[in-house]
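Structure file target.pdb (PDB, C-alpha atoms) follows.
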```
ATOM      1  CA  ILE A1309       0.000   0.000   0.000  1.00  0.00           C
ATOM      2  CA  GLY A1310       1.410   3.424  -0.957  1.00  0.00           C
ATOM      3  CA  TRP A1311       1.950   6.245   1.551  1.00  0.00           C
ATOM      4  CA  LYS A1312      -0.671   8.458  -0.152  1.00  0.00           C
ATOM      5  CA  LYS A1313      -3.271   5.717   0.222  1.00  0.00           C
ATOM      6  CA  LEU A1314      -2.337   5.255   3.894  1.00  0.00           C
ATOM      7  CA  ILE A1315      -2.715   8.988   4.539  1.00  0.00           C
ATOM      8  CA  ASN A1316      -6.087   8.965   2.774  1.00  0.00           C
ATOM      9  CA  ILE A1317      -7.292   6.002   4.858  1.00  0.00           C
ATOM     10  CA  TYR A1318      -5.964   7.548   8.097  1.00  0.00           C
ATOM     11  CA  GLY A1319      -7.637  10.872   7.274  1.00  0.00           C
ATOM     12  CA  ARG A1320     -10.982   9.125   6.843  1.00  0.00           C
ATOM     13  CA  ILE A1321     -10.664   7.264  10.124  1.00  0.00           C
ATOM     14  CA  LYS A1322      -9.359  10.121  12.224  1.00  0.00           C
ATOM     15  CA  MET A1323     -11.735  13.022  11.813  1.00  0.00           C
ATOM     16  CA  GLY A1324     -11.279  16.447  13.389  1.00  0.00           C
ATOM     17  CA  LYS A1325      -8.093  18.515  13.696  1.00  0.00           C
ATOM     18  CA  SER A1326      -6.043  16.222  11.471  1.00  0.00           C
ATOM     19  CA  SER A1327      -8.751  15.912   8.824  1.00  0.00           C
ATOM     20  CA  VAL A1328     -10.984  18.081   6.652  1.00  0.00           C
ATOM     21  CA  SER A1329     -14.008  16.273   8.124  1.00  0.00           C
ATOM     22  CA  ILE A1330     -15.916  17.147  11.248  1.00  0.00           C
ATOM     23  CA  SER A1331     -14.891  15.146  14.318  1.00  0.00           C
ATOM     24  CA  GLU A1332     -16.582  12.059  15.708  1.00  0.00           C
ATOM     25  CA  GLU A1333     -17.413  14.137  18.818  1.00  0.00           C
ATOM     26  CA  CYS A1334     -19.250  16.617  16.603  1.00  0.00           C
ATOM     27  CA  ILE A1335     -21.198  13.844  14.886  1.00  0.00           C
ATOM     28  CA  SER A1336     -22.090  12.259  18.241  1.00  0.00           C
ATOM     29  CA  TYR A1337     -23.159  15.617  19.660  1.00  0.00           C
ATOM     30  CA  ILE A1338     -25.512  16.214  16.747  1.00  0.00           C
ATOM     31  CA  ILE A1339     -26.965  12.698  16.906  1.00  0.00           C
ATOM     32  CA  ASP A1340     -27.502  13.014  20.670  1.00  0.00           C
ATOM     33  CA  ASN A1341     -29.056  16.493  20.540  1.00  0.00           C
ATOM     34  CA  LEU A1342     -31.070  16.654  17.325  1.00  0.00           C
ATOM     35  CA  GLU A1343     -34.235  14.685  16.719  1.00  0.00           C
ATOM     36  CA  GLU A1344     -33.834  11.849  14.202  1.00  0.00           C
ATOM     37  CA  GLY A1345     -35.167  12.874  10.787  1.00  0.00           C
ATOM     38  CA  ASN A1346     -34.650  16.614  11.350  1.00  0.00           C
ATOM     39  CA  THR A1347     -32.862  18.703   8.715  1.00  0.00           C
ATOM     40  CA  ILE A1348     -29.317  20.060   8.852  1.00  0.00           C
ATOM     41  CA  LEU A1349     -28.188  22.938   6.655  1.00  0.00           C
ATOM     42  CA  GLU A1350     -24.463  22.471   6.238  1.00  0.00           C
ATOM     43  CA  LEU A1351     -22.015  24.860   4.664  1.00  0.00           C
ATOM     44  CA  GLY A1352     -19.463  22.535   3.132  1.00  0.00           C
ATOM     45  CA  SER A1353     -19.755  18.774   2.848  1.00  0.00           C
ATOM     46  CA  GLY A1354     -17.521  15.791   3.404  1.00  0.00           C
ATOM     47  CA  GLU A1355     -17.213  12.407   5.053  1.00  0.00           C
ATOM     48  CA  GLY A1356     -19.290  13.644   7.999  1.00  0.00           C
ATOM     49  CA  THR A1357     -22.176  14.313   5.600  1.00  0.00           C
ATOM     50  CA  VAL A1358     -22.507  10.580   4.963  1.00  0.00           C
ATOM     51  CA  LYS A1359     -22.596   9.712   8.655  1.00  0.00           C
ATOM     52  CA  LEU A1360     -25.110  12.439   9.461  1.00  0.00           C
ATOM     53  CA  SER A1361     -27.305  11.558   6.472  1.00  0.00           C
ATOM     54  CA  ASN A1362     -27.996   8.172   8.097  1.00  0.00           C
ATOM     55  CA  HIS A1363     -29.961  10.075  10.764  1.00  0.00           C
ATOM     56  CA  PHE A1364     -30.953  13.431   9.285  1.00  0.00           C
ATOM     57  CA  LYS A1365     -32.006  15.160   6.086  1.00  0.00           C
ATOM     58  CA  MET A1366     -29.016  17.058   4.759  1.00  0.00           C
ATOM     59  CA  ILE A1367     -28.926  20.241   2.695  1.00  0.00           C
ATOM     60  CA  SER A1368     -25.319  20.918   1.716  1.00  0.00           C
ATOM     61  CA  ILE A1369     -23.980  24.162   0.289  1.00  0.00           C
ATOM     62  CA  GLU A1370     -20.874  23.289  -1.694  1.00  0.00           C
ATOM     63  CA  ASN A1371     -18.510  25.340  -3.854  1.00  0.00           C
ATOM     64  CA  GLN A1372     -15.771  22.801  -4.592  1.00  0.00           C
ATOM     65  CA  PRO A1373     -16.581  20.783  -7.744  1.00  0.00           C
ATOM     66  CA  GLU A1374     -14.922  17.654  -6.341  1.00  0.00           C
ATOM     67  CA  TRP A1375     -17.441  17.641  -3.447  1.00  0.00           C
ATOM     68  CA  GLN A1376     -20.538  18.826  -5.322  1.00  0.00           C
ATOM     69  CA  ASP A1377     -23.216  16.111  -5.472  1.00  0.00           C
ATOM     70  CA  LYS A1378     -20.669  13.627  -4.080  1.00  0.00           C
ATOM     71  CA  PHE A1379     -23.067  12.134  -1.528  1.00  0.00           C
ATOM     72  CA  SER A1380     -26.295  13.029  -3.317  1.00  0.00           C
ATOM     73  CA  GLU A1381     -28.051   9.767  -2.469  1.00  0.00           C
ATOM     74  CA  ASN A1382     -29.035  11.133   0.954  1.00  0.00           C
ATOM     75  CA  THR A1383     -28.206  14.814   0.559  1.00  0.00           C
ATOM     76  CA  THR A1384     -29.715  17.746  -1.311  1.00  0.00           C
ATOM     77  CA  TYR A1385     -26.944  19.940  -2.688  1.00  0.00           C
ATOM     78  CA  ILE A1386     -26.905  23.643  -3.373  1.00  0.00           C
ATOM     79  CA  ASN A1387     -23.913  23.884  -5.700  1.00  0.00           C
ATOM     80  CA  VAL A1388     -22.557  27.411  -5.950  1.00  0.00           C
ATOM     81  CA  PRO A1389     -19.314  28.956  -7.130  1.00  0.00           C
ATOM     82  CA  ASP A1390     -17.120  30.893  -4.774  1.00  0.00           C
ATOM     83  CA  ARG A1391     -16.304  34.540  -5.231  1.00  0.00           C
ATOM     84  CA  LEU A1392     -13.084  36.253  -4.290  1.00  0.00           C
ATOM     85  CA  TYR A1393     -13.274  39.602  -2.567  1.00  0.00           C
ATOM     86  CA  GLU A1394     -12.209  42.476  -4.756  1.00  0.00           C
ATOM     87  CA  LYS A1395     -10.997  44.931  -2.157  1.00  0.00           C
ATOM     88  CA  ASP A1396     -10.693  47.802  -4.656  1.00  0.00           C
ATOM     89  CA  ASP A1397     -14.092  47.080  -6.224  1.00  0.00           C
ATOM     90  CA  ILE A1398     -16.653  45.780  -3.748  1.00  0.00           C
ATOM     91  CA  SER A1399     -19.691  46.803  -5.769  1.00  0.00           C
ATOM     92  CA  TRP A1400     -20.942  43.220  -5.820  1.00  0.00           C
ATOM     93  CA  TRP A1401     -21.534  43.527  -2.053  1.00  0.00           C
ATOM     94  CA  ASN A1402     -23.756  46.628  -2.567  1.00  0.00           C
ATOM     95  CA  LYS A1403     -22.001  48.135   0.430  1.00  0.00           C
ATOM     96  CA  THR A1404     -19.729  51.095   0.907  1.00  0.00           C
ATOM     97  CA  ILE A1405     -16.185  50.540   2.082  1.00  0.00           C
ATOM     98  CA  ALA A1406     -17.213  51.909   5.506  1.00  0.00           C
ATOM     99  CA  ASP A1407     -19.808  49.115   5.836  1.00  0.00           C
ATOM    100  CA  PHE A1408     -17.380  46.424   4.775  1.00  0.00           C
ATOM    101  CA  LYS A1409     -16.600  45.405   8.354  1.00  0.00           C
ATOM    102  CA  VAL A1410     -16.997  41.644   8.159  1.00  0.00           C
ATOM    103  CA  LEU A1411     -13.354  41.279   7.166  1.00  0.00           C
ATOM    104  CA  ASP A1412     -12.082  43.125  10.244  1.00  0.00           C
ATOM    105  CA  GLY A1413      -9.975  40.596  12.115  1.00  0.00           C
ATOM    106  CA  PHE A1414     -10.282  38.057   9.298  1.00  0.00           C
ATOM    107  CA  GLU A1415      -7.913  37.308   6.457  1.00  0.00           C
ATOM    108  CA  ASP A1416     -10.620  35.816   4.248  1.00  0.00           C
ATOM    109  CA  THR A1417     -10.158  36.024   0.492  1.00  0.00           C
ATOM    110  CA  GLY A1418     -13.765  35.207  -0.445  1.00  0.00           C
ATOM    111  CA  TRP A1419     -16.906  33.218   0.302  1.00  0.00           C
ATOM    112  CA  TYR A1420     -19.701  31.496  -1.564  1.00  0.00           C
ATOM    113  CA  ASN A1421     -20.917  33.792  -4.324  1.00  0.00           C
ATOM    114  CA  PRO A1422     -23.835  35.534  -2.571  1.00  0.00           C
ATOM    115  CA  GLU A1423     -25.503  36.444  -5.869  1.00  0.00           C
ATOM    116  CA  VAL A1424     -25.924  32.732  -6.565  1.00  0.00           C
ATOM    117  CA  LEU A1425     -26.361  31.364  -3.041  1.00  0.00           C
ATOM    118  CA  LEU A1426     -28.806  33.697  -1.311  1.00  0.00           C
ATOM    119  CA  ASN A1427     -31.730  33.077  -3.649  1.00  0.00           C
ATOM    120  CA  GLN A1428     -31.231  29.305  -3.330  1.00  0.00           C
ATOM    121  CA  LEU A1429     -31.181  29.112   0.465  1.00  0.00           C
ATOM    122  CA  PRO A1430     -34.012  27.062   1.953  1.00  0.00           C
ATOM    123  CA  ASP A1431     -36.731  28.801   3.929  1.00  0.00           C
ATOM    124  CA  LYS A1432     -35.578  29.549   7.465  1.00  0.00           C
ATOM    125  CA  ASN A1433     -38.206  27.118   8.807  1.00  0.00           C
ATOM    126  CA  ASP A1434     -36.929  24.241   6.657  1.00  0.00           C
ATOM    127  CA  TYR A1435     -33.920  23.280   8.791  1.00  0.00           C
ATOM    128  CA  ASP A1436     -33.237  22.582  12.459  1.00  0.00           C
ATOM    129  CA  LEU A1437     -29.469  23.069  12.775  1.00  0.00           C
ATOM    130  CA  ILE A1438     -26.716  24.884  10.874  1.00  0.00           C
ATOM    131  CA  LEU A1439     -23.298  23.260  10.506  1.00  0.00           C
ATOM    132  CA  VAL A1440     -20.600  25.666   9.280  1.00  0.00           C
ATOM    133  CA  ASP A1441     -17.730  23.631   7.846  1.00  0.00           C
ATOM    134  CA  GLY A1442     -17.158  25.574   4.669  1.00  0.00           C
ATOM    135  CA  PRO A1443     -16.123  27.059   2.456  1.00  0.00           C
ATOM    136  CA  GLY A1444     -12.600  25.718   2.632  1.00  0.00           C
ATOM    137  CA  GLY A1445      -9.904  27.539   4.544  1.00  0.00           C
ATOM    138  CA  TYR A1446      -8.417  29.080   1.410  1.00  0.00           C
ATOM    139  CA  LEU A1447     -11.514  31.342   1.182  1.00  0.00           C
ATOM    140  CA  GLY A1448     -12.626  31.792   4.760  1.00  0.00           C
ATOM    141  CA  ARG A1449     -16.007  31.708   6.454  1.00  0.00           C
ATOM    142  CA  SER A1450     -16.683  35.244   7.631  1.00  0.00           C
ATOM    143  CA  GLY A1451     -19.215  35.660   4.829  1.00  0.00           C
ATOM    144  CA  PHE A1452     -21.569  33.704   7.101  1.00  0.00           C
ATOM    145  CA  LEU A1453     -21.398  36.677   9.488  1.00  0.00           C
ATOM    146  CA  LYS A1454     -21.894  39.124   6.637  1.00  0.00           C
ATOM    147  CA  TYR A1455     -25.115  37.400   5.549  1.00  0.00           C
ATOM    148  CA  ILE A1456     -26.326  36.091   8.911  1.00  0.00           C
ATOM    149  CA  GLU A1457     -29.765  37.705   8.447  1.00  0.00           C
ATOM    150  CA  HIS A1458     -30.418  35.193   5.654  1.00  0.00           C
ATOM    151  CA  PHE A1459     -30.039  32.259   8.064  1.00  0.00           C
ATOM    152  CA  ASN A1460     -32.250  31.015  10.897  1.00  0.00           C
ATOM    153  CA  THR A1461     -30.354  31.978  14.050  1.00  0.00           C
ATOM    154  CA  ASP A1462     -33.005  30.437  16.306  1.00  0.00           C
ATOM    155  CA  VAL A1463     -31.588  26.967  15.592  1.00  0.00           C
ATOM    156  CA  PRO A1464     -28.304  25.642  17.015  1.00  0.00           C
ATOM    157  CA  ILE A1465     -25.261  26.699  14.988  1.00  0.00           C
ATOM    158  CA  ILE A1466     -22.159  24.525  14.967  1.00  0.00           C
ATOM    159  CA  ILE A1467     -18.845  26.027  13.840  1.00  0.00           C
ATOM    160  CA  ASP A1468     -16.145  23.520  12.914  1.00  0.00           C
ATOM    161  CA  ASP A1469     -12.395  24.124  13.130  1.00  0.00           C
ATOM    162  CA  ILE A1470     -12.555  26.613  16.021  1.00  0.00           C
ATOM    163  CA  TYR A1471      -8.979  25.719  16.952  1.00  0.00           C
ATOM    164  CA  ARG A1472      -8.127  28.046  14.039  1.00  0.00           C
ATOM    165  CA  VAL A1473      -8.126  31.776  14.854  1.00  0.00           C
ATOM    166  CA  PRO A1474     -10.695  32.938  12.226  1.00  0.00           C
ATOM    167  CA  GLU A1475     -13.266  30.244  13.099  1.00  0.00           C
ATOM    168  CA  ASN A1476     -12.774  30.894  16.811  1.00  0.00           C
ATOM    169  CA  LEU A1477     -13.250  34.616  16.249  1.00  0.00           C
ATOM    170  CA  MET A1478     -16.383  33.960  14.197  1.00  0.00           C
ATOM    171  CA  ALA A1479     -17.845  31.657  16.865  1.00  0.00           C
ATOM    172  CA  ASN A1480     -17.237  34.257  19.585  1.00  0.00           C
ATOM    173  CA  ILE A1481     -18.686  37.096  17.501  1.00  0.00           C
ATOM    174  CA  LEU A1482     -21.787  34.995  16.736  1.00  0.00           C
ATOM    175  CA  SER A1483     -22.196  34.029  20.378  1.00  0.00           C
ATOM    176  CA  GLU A1484     -22.050  37.672  21.431  1.00  0.00           C
ATOM    177  CA  LYS A1485     -24.250  38.932  18.588  1.00  0.00           C
ATOM    178  CA  LEU A1486     -26.933  36.282  19.184  1.00  0.00           C
ATOM    179  CA  LYS A1487     -26.601  36.486  22.981  1.00  0.00           C
ATOM    180  CA  LYS A1488     -26.185  32.716  23.177  1.00  0.00           C
ATOM    181  CA  GLU A1489     -23.566  30.670  24.987  1.00  0.00           C
ATOM    182  CA  LEU A1490     -20.662  29.201  23.037  1.00  0.00           C
ATOM    183  CA  ILE A1491     -19.908  25.623  24.079  1.00  0.00           C
ATOM    184  CA  ILE A1492     -16.644  24.056  22.952  1.00  0.00           C
ATOM    185  CA  LEU A1493     -16.774  20.270  22.668  1.00  0.00           C
ATOM    186  CA  ALA A1494     -14.029  18.078  24.142  1.00  0.00           C
ATOM    187  CA  ASP A1495     -12.480  17.622  20.678  1.00  0.00           C
ATOM    188  CA  GLY A1496     -11.303  21.254  20.791  1.00  0.00           C
ATOM    189  CA  CYS A1497     -12.451  21.764  17.178  1.00  0.00           C
ATOM    190  CA  THR A1498     -16.220  22.156  17.497  1.00  0.00           C
ATOM    191  CA  GLY A1499     -18.081  25.189  18.790  1.00  0.00           C
ATOM    192  CA  VAL A1500     -21.825  25.011  19.471  1.00  0.00           C
ATOM    193  CA  ILE A1501     -23.930  28.171  19.710  1.00  0.00           C
ATOM    194  CA  GLY A1502     -27.494  27.824  20.960  1.00  0.00           C
TER     195      GLY A1502
END
```

Output the file's structure as structure tokens, nothing else.
Amino acid sequence: IGWKKLINIYGRIKMGKSSVSISEECISYIIDNLEEGNTILELGSGEGTVKLSNHFKMISIENQPEWQDKFSENTTYINVPDRLYEKDDISWWNKTIADFKVLDGFEDTGWYNPEVLLNQLPDKNDYDLILVDGPGGYLGRSGFLKYIEHFNTDVPIIIDDIYRVPENLMANILSEKLKKELIILADGCTGVIG
């Protein structure tokens, strides 16, 4: 067996900090705290999607072509392109530079293209939990803060990868903004708000 194959197998087994997938603790937390058959809106998809789809309806927002429709047997996908921030021309945000505060403290280079995503989001009453595990780290996730009014903040929100500074910052800002406690699971990678 080649070393690349071993790394791929190890990455699938060990989820969390050493993997792009959510941790087993995160999966267990969701299974233990969300009613079977409920719906999860997840930003990003991966190996955890398959495990969760055995218990829940999944709606996955995905920008990476290699993950789009990958687990479509049990998951509804919203496939959207990403969009890089154009710091000199932010007209696509319909905001002035003074209002462009979501990037403060973040080094994000983009997010899901809001022009494509926002009109495809499910109704706020059509999901029971939000799992933020995307877009990938090369873009950043602060766009979720920018467009938070388009999401149901009355449901629990789980932020993956909070051991990284931007995700930790986002989880703390959300907790404060929503006036809800931030709980960090024992894995050290998962933050739960609500």

(message) What's the separation between atom CA of Tyr1435 of chain A and atom CA of Lys1485 of chain A, in Å to one decimal place?
(response)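 The value is 20.8 Å.
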
Given the file shown, enumerate the residues that the PyMOL selection byres ((chain A and resi 1440) around 9) captures and present them as a tab-separated table (two decimals) with C-alpha atoms, in the frame of the given file.
```tsv
chain	number	residue	atom	x	y	z
A	1349	LEU	CA	-28.19	22.94	6.66
A	1350	GLU	CA	-24.46	22.47	6.24
A	1351	LEU	CA	-22.02	24.86	4.66
A	1352	GLY	CA	-19.46	22.54	3.13
A	1438	ILE	CA	-26.72	24.88	10.87
A	1439	LEU	CA	-23.30	23.26	10.51
A	1441	ASP	CA	-17.73	23.63	7.85
A	1442	GLY	CA	-17.16	25.57	4.67
A	1443	PRO	CA	-16.12	27.06	2.46
A	1449	ARG	CA	-16.01	31.71	6.45
A	1452	PHE	CA	-21.57	33.70	7.10
A	1465	ILE	CA	-25.26	26.70	14.99
A	1466	ILE	CA	-22.16	24.52	14.97
A	1467	ILE	CA	-18.84	26.03	13.84
A	1468	ASP	CA	-16.14	23.52	12.91
```

(request) Report as a PyMOL selection string the full result of the PyMOL selection byres ((chain A and resi 1355-1370) around 9) when it is applied to this structure. (result) chain A and resi 1320+1323+1328-1332+1335+1338-1339+1342-1354+1371-1373+1375-1377+1379+1382-1389+1420+1425+1429-1430+1435+1442-1443

For the selection you just gave me, I'd like the residues written to a file as a short mmCIF file (atom, residue, chain, number, x, y, z; two decimals), in the frame of the given file, keeping C-alpha atoms.
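As written to disk, result-v3.cif reads:
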```
data_model
loop_
_atom_site.label_atom_id
_atom_site.label_comp_id
_atom_site.auth_asym_id
_atom_site.auth_seq_id
_atom_site.Cartn_x
_atom_site.Cartn_y
_atom_site.Cartn_z
CA ARG A 1320 -10.98 9.12 6.84
CA MET A 1323 -11.74 13.02 11.81
CA VAL A 1328 -10.98 18.08 6.65
CA SER A 1329 -14.01 16.27 8.12
CA ILE A 1330 -15.92 17.15 11.25
CA SER A 1331 -14.89 15.15 14.32
CA GLU A 1332 -16.58 12.06 15.71
CA ILE A 1335 -21.20 13.84 14.89
CA ILE A 1338 -25.51 16.21 16.75
CA ILE A 1339 -26.96 12.70 16.91
CA LEU A 1342 -31.07 16.65 17.32
CA GLU A 1343 -34.24 14.68 16.72
CA GLU A 1344 -33.83 11.85 14.20
CA GLY A 1345 -35.17 12.87 10.79
CA ASN A 1346 -34.65 16.61 11.35
CA THR A 1347 -32.86 18.70 8.72
CA ILE A 1348 -29.32 20.06 8.85
CA LEU A 1349 -28.19 22.94 6.66
CA GLU A 1350 -24.46 22.47 6.24
CA LEU A 1351 -22.02 24.86 4.66
CA GLY A 1352 -19.46 22.54 3.13
CA SER A 1353 -19.76 18.77 2.85
CA GLY A 1354 -17.52 15.79 3.40
CA ASN A 1371 -18.51 25.34 -3.85
CA GLN A 1372 -15.77 22.80 -4.59
CA PRO A 1373 -16.58 20.78 -7.74
CA TRP A 1375 -17.44 17.64 -3.45
CA GLN A 1376 -20.54 18.83 -5.32
CA ASP A 1377 -23.22 16.11 -5.47
CA PHE A 1379 -23.07 12.13 -1.53
CA ASN A 1382 -29.04 11.13 0.95
CA THR A 1383 -28.21 14.81 0.56
CA THR A 1384 -29.72 17.75 -1.31
CA TYR A 1385 -26.94 19.94 -2.69
CA ILE A 1386 -26.90 23.64 -3.37
CA ASN A 1387 -23.91 23.88 -5.70
CA VAL A 1388 -22.56 27.41 -5.95
CA PRO A 1389 -19.31 28.96 -7.13
CA TYR A 1420 -19.70 31.50 -1.56
CA LEU A 1425 -26.36 31.36 -3.04
CA LEU A 1429 -31.18 29.11 0.46
CA PRO A 1430 -34.01 27.06 1.95
CA TYR A 1435 -33.92 23.28 8.79
CA GLY A 1442 -17.16 25.57 4.67
CA PRO A 1443 -16.12 27.06 2.46
#
```

(message) Let me make sure I understand: among A:Tyr1393, A:Trp1419, A:Phe1414, A:Tyr1337, which one has the smallest atom-to-atom distance to Leu1447 of chain A if we use all atoms listed in the file?
(response)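 Ranked by minimum distance to Leu1447 of chain A, first place goes to A:Trp1419.
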
If we count only C-alpha atoms, what is near segment 1471-1479 of chain A at a cut-off of 9 Å, once residues fewer than 3 positions away on the same chain are taken out, given as a tab-separated table (two decimals) with C-alpha atoms, in the frame of the given file?
```tsv
chain	number	residue	atom	x	y	z
A	1325	LYS	CA	-8.09	18.52	13.70
A	1413	GLY	CA	-9.98	40.60	12.12
A	1414	PHE	CA	-10.28	38.06	9.30
A	1415	GLU	CA	-7.91	37.31	6.46
A	1416	ASP	CA	-10.62	35.82	4.25
A	1448	GLY	CA	-12.63	31.79	4.76
A	1449	ARG	CA	-16.01	31.71	6.45
A	1450	SER	CA	-16.68	35.24	7.63
A	1452	PHE	CA	-21.57	33.70	7.10
A	1453	LEU	CA	-21.40	36.68	9.49
A	1466	ILE	CA	-22.16	24.52	14.97
A	1467	ILE	CA	-18.84	26.03	13.84
A	1468	ASP	CA	-16.14	23.52	12.91
A	1482	LEU	CA	-21.79	34.99	16.74
A	1483	SER	CA	-22.20	34.03	20.38
A	1484	GLU	CA	-22.05	37.67	21.43
A	1490	LEU	CA	-20.66	29.20	23.04
A	1496	GLY	CA	-11.30	21.25	20.79
A	1497	CYS	CA	-12.45	21.76	17.18
A	1498	THR	CA	-16.22	22.16	17.50
A	1499	GLY	CA	-18.08	25.19	18.79
A	1500	VAL	CA	-21.82	25.01	19.47
A	1501	ILE	CA	-23.93	28.17	19.71
```

(message) If I take atom CA of Gly1451 of chain A and atom CA of Pro1422 of chain A, how far is one from the other in Å, to one decimal?
(response)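 If I compute the distance from atom CA of Gly1451 of chain A to atom CA of Pro1422 of chain A, I get 8.7 Å.
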
Report as lines of an AutoDock Vina configuration file the centre and the edge lengths, in Å to one decimal, of the axis-aligned box holding every listed atom of segment 1471-1490 of chain A, padded by 8 Å on each side.
```
center_x = -17.5
center_y = 32.3
center_z = 18.6
size_x = 34.8
size_y = 29.2
size_z = 28.8
```

(request) Just give me the gap between atom CA of Lys1432 of chain A and atom CA of Asn1460 of chain A in Å, one decimal is fine. (result)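 Between these atoms lies a distance of 5.0 Å.
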